[in-house]
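Visitor: Before we start, here is the structure in question, set down as structure tokens.
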Amino acid sequence: MSGVLAKLYAFLYLRGFRVWVSYRTQMVLNVLSWVLPVFTYYFVGTSLGKRITTSVHIMSYTSFFVVGLAFQGYVSSSIVTISQRLRNEQLYGTLEYYVLSPVGVFGFLTYSAVWGFTLNTLNAAVILAVGAGLGVSYSGANMLGAAILVLMLVASTFGIGMMSAALVMVTKQGNPISFFFSTFTTLMSGTVFPVNALPYVVRLVSYALPLTWALDGLRLALLQGATIIQLSPYITIMGVFDLVTIPLGAAVYKLCFDYVRRKGTISQY
């Protein structure tokens, strides 16, 4: 247990928080990048209409996009962060040291993900707080149900992140998984507009993304106080995603790691 805590301290505090706050300009820009889109979509919603019809319910547009923006970062930012950490170690020439260390590359990836998820939790808290200032009400919110959905979203995101990091080891530059989830999740997962507004074929793709289901469930939990029973369809679907993405991510990661190790290109960039 002490070993795990030591690794969490090293990756979460020393490599994560200490480095993040040491670059104050970047830290401020990070926070602004969280807050400014909230106001952008707020004024868009104000000009286009106050209410929006979704597959979940009819709600204010501000409430809809605030929850979407708050939790979308768990997917796009986290996947980019995980793959970028591994890419940085390639550039620094230190990836081989992790291979030889007790942590290992898989452990390095796992503990590095903790900081990404922590930062995105802070991101979500800031956006939800700004949303409250803009009139979004969380009274009666089912925080337990929301927490379960977030944890399940994090688990599925880690599985996808492992696949993204695996491709970085092989391709070195150019990562289609990272590109897709950082670029298209806002468009296709019902982050700032409902999925039912998409063309039918594109909608089918959106339903294959865990974030789409997580956001629907989170809106029910946070904005309408849905019970665990009412959230059970979303929890079940997220459980299926977790059972698929985590083993698949681990298998792809091991396959790519064994491949680059055989070729002797693990630290090449």
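Residues are referred to by chain and number: the chain letter is A, B, ... according to the order shown in the structure tokens, the number counts from 1 in that chain, and ligands are numbered separately from 1 in the order shown.
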List the neighbours of Val31 of chain A out to 12 Å using only C-alpha atoms; skip same-chain residues closer than 5 positions along the sequence, and give me the result as number ranges by chain.
Guide: A: 20-21, 24-26, 36-38, 119-120, 122-127, 130
Visitor: Keeping N, CA and C atoms, export the residues of the selection given above as a CSV table (one decimal), in the first residue's frame.
Guide:
chain,number,residue,atom,x,y,z
A,20,TRP,N,2.5,21.5,-13.1
A,20,TRP,CA,1.4,22.4,-13.7
A,20,TRP,C,1.4,23.8,-13.1
A,21,VAL,N,1.5,23.9,-11.8
A,21,VAL,CA,1.5,25.2,-11.2
A,21,VAL,C,2.8,26.0,-11.4
A,24,ARG,N,2.9,29.1,-14.7
A,24,ARG,CA,1.7,29.9,-14.3
A,24,ARG,C,0.9,30.4,-15.5
A,25,THR,N,1.6,30.8,-16.6
A,25,THR,CA,0.9,31.3,-17.7
A,25,THR,C,0.0,30.2,-18.3
A,26,GLN,N,0.6,29.0,-18.5
A,26,GLN,CA,-0.1,27.8,-19.0
A,26,GLN,C,-1.3,27.4,-18.1
A,36,LEU,N,-14.1,29.9,-20.8
A,36,LEU,CA,-14.6,30.7,-21.9
A,36,LEU,C,-15.6,30.0,-22.8
A,37,PRO,N,-15.5,28.7,-23.1
A,37,PRO,CA,-16.5,28.0,-23.9
A,37,PRO,C,-17.9,28.1,-23.2
A,38,VAL,N,-17.9,28.1,-21.9
A,38,VAL,CA,-19.2,28.2,-21.2
A,38,VAL,C,-20.0,29.4,-21.6
A,119,LEU,N,-7.0,16.4,-13.1
A,119,LEU,CA,-7.1,17.8,-13.7
A,119,LEU,C,-8.5,17.9,-14.3
A,120,ASN,N,-9.0,16.9,-15.0
A,120,ASN,CA,-10.3,17.0,-15.6
A,120,ASN,C,-11.5,17.1,-14.6
A,122,LEU,N,-11.1,18.7,-11.7
A,122,LEU,CA,-11.1,20.2,-11.4
A,122,LEU,C,-11.8,21.0,-12.5
A,123,ASN,N,-11.5,20.6,-13.8
A,123,ASN,CA,-12.1,21.2,-14.9
A,123,ASN,C,-13.6,21.1,-14.8
A,124,ALA,N,-14.2,19.9,-14.5
A,124,ALA,CA,-15.6,19.7,-14.4
A,124,ALA,C,-16.2,20.6,-13.3
A,125,ALA,N,-15.5,20.6,-12.1
A,125,ALA,CA,-16.0,21.4,-11.0
A,125,ALA,C,-16.1,22.9,-11.3
A,126,VAL,N,-15.1,23.4,-12.0
A,126,VAL,CA,-15.1,24.8,-12.4
A,126,VAL,C,-16.3,25.1,-13.3
A,127,ILE,N,-16.5,24.3,-14.4
A,127,ILE,CA,-17.5,24.5,-15.3
A,127,ILE,C,-18.9,24.4,-14.7
A,130,VAL,N,-19.5,27.6,-12.7
A,130,VAL,CA,-19.8,28.7,-13.6
A,130,VAL,C,-21.2,28.5,-14.1
Visitor: Wanna dump the segment 74-183 of chain A-segment 201-223 of chain A contacts at 8 Å for me, each residue with its shortest atom pair and the distance in Å to one decimal, counting only C-alpha atoms, ordered by chain and number, as JSON lines?
Guide:
{"residue": "A:Val75", "atom": "CA", "partner": "A:Leu211", "partner_atom": "CA", "distance": 7.4}
{"residue": "A:Ser137", "atom": "CA", "partner": "A:Leu223", "partner_atom": "CA", "distance": 6.8}
{"residue": "A:Tyr138", "atom": "CA", "partner": "A:Leu223", "partner_atom": "CA", "distance": 5.5}
{"residue": "A:Ser139", "atom": "CA", "partner": "A:Leu223", "partner_atom": "CA", "distance": 7.6}
{"residue": "A:Gly140", "atom": "CA", "partner": "A:Leu222", "partner_atom": "CA", "distance": 7.7}
{"residue": "A:Ala141", "atom": "CA", "partner": "A:Leu222", "partner_atom": "CA", "distance": 4.4}
{"residue": "A:Asn142", "atom": "CA", "partner": "A:Ala221", "partner_atom": "CA", "distance": 5.0}
{"residue": "A:Met143", "atom": "CA", "partner": "A:Leu222", "partner_atom": "CA", "distance": 6.9}
{"residue": "A:Gly145", "atom": "CA", "partner": "A:Ala221", "partner_atom": "CA", "distance": 6.1}
{"residue": "A:Ala146", "atom": "CA", "partner": "A:Leu218", "partner_atom": "CA", "distance": 5.5}
{"residue": "A:Leu149", "atom": "CA", "partner": "A:Ala214", "partner_atom": "CA", "distance": 6.2}
{"residue": "A:Val150", "atom": "CA", "partner": "A:Ala214", "partner_atom": "CA", "distance": 7.4}
{"residue": "A:Leu153", "atom": "CA", "partner": "A:Ala214", "partner_atom": "CA", "distance": 6.6}
{"residue": "A:Ser156", "atom": "CA", "partner": "A:Pro210", "partner_atom": "CA", "distance": 7.2}
Visitor: Write the selection just made, keeping C-alpha atoms, as a PDB file, in the first residue's frame?
Guide:
ATOM      1  CA  VAL A  75     -12.579  11.747 -22.803  1.00  0.00           C
ATOM      2  CA  SER A 137     -29.810  24.367 -10.684  1.00  0.00           C
ATOM      3  CA  TYR A 138     -28.432  21.171  -9.177  1.00  0.00           C
ATOM      4  CA  SER A 139     -30.969  21.011  -6.354  1.00  0.00           C
ATOM      5  CA  GLY A 140     -32.023  17.443  -5.752  1.00  0.00           C
ATOM      6  CA  ALA A 141     -29.117  16.111  -7.794  1.00  0.00           C
ATOM      7  CA  ASN A 142     -28.297  12.435  -7.335  1.00  0.00           C
ATOM      8  CA  MET A 143     -24.590  12.792  -6.578  1.00  0.00           C
ATOM      9  CA  GLY A 145     -25.552   8.197  -9.382  1.00  0.00           C
ATOM     10  CA  ALA A 146     -23.462  10.911 -11.033  1.00  0.00           C
ATOM     11  CA  LEU A 149     -21.398   7.270 -14.087  1.00  0.00           C
ATOM     12  CA  VAL A 150     -18.247   9.414 -13.918  1.00  0.00           C
ATOM     13  CA  LEU A 153     -16.726   6.944 -17.924  1.00  0.00           C
ATOM     14  CA  SER A 156     -13.823   3.351 -20.406  1.00  0.00           C
TER      15      SER A 156
END
Visitor: Which residue gives the smallest distance to Thr110 of chain A among A:Gln224, A:Ala70, A:Trp34, A:Gly249, with only C-alpha atoms counted?
Guide: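 Of the candidates, the smallest distance to Thr110 of chain A is held by A:Gly249.
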Visitor: Could you pull out the helix (DSSP H, G or I) residues of segment 17-241 of chain A, going by DSSP on the backbone, and write them as a ChimeraX atom specification?
Guide: /A:17-22,24-48,61-92,95-100,104-133,143-171,176-183,185-188,195-197,200-206,210-224,228-241
Visitor: Do you know which residues are at most 10 Å from Ser77 of chain A counting only C-alpha atoms, after dropping those on the same chain fewer than 2 positions away, and could you put them as a list of chain:residue names?
Guide: A:Gln72, A:Gly73, A:Tyr74, A:Val75, A:Ile79, A:Val80, A:Thr81, A:Ile82, A:Gly116, A:Phe117, A:Leu119, A:Asn120, A:Ser178, A:Phe181, A:Ser182
Visitor: Name the closest residue to Ile235 of chain A among the candidates A:Ile177, A:Leu151, A:Ile160, A:Val260; distances are taken between atoms, counting only C-alpha atoms.
Guide: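 Of all the options, A:Leu151 lies closest to Ile235 of chain A.
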Visitor: For Phe158 of chain A, which residue out of A:Gly239, A:Gly68, A:Gly16, A:Pro247 is the nearest one, using only C-alpha atoms?
Guide: A:Pro247
Visitor: Atom CA of Phe64 of chain A and atom CA of Thr191 of chain A, how far apart in Å?
Guide: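 We find that atom CA of Thr191 of chain A and atom CA of Phe64 of chain A lie 7.9 Å from each other.
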Visitor: By how many Å are atom CA of Val66 of chain A and atom CA of Pro233 of chain A apart?
Guide: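 It comes out at 22.6 Å.
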Visitor: So, with only C-alpha atoms as the atoms that count, which of A:Val240, A:Ala147, A:Leu69, A:Val154 lies closest to Thr40 of chain A?
Guide: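 Using only C-alpha atoms, Thr40 of chain A sits closest to A:Leu69.
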Visitor: Separation of atom CA of Thr118 of chain A and atom CA of Asp258 of chain A, in Å?
Guide: 29.7 Å
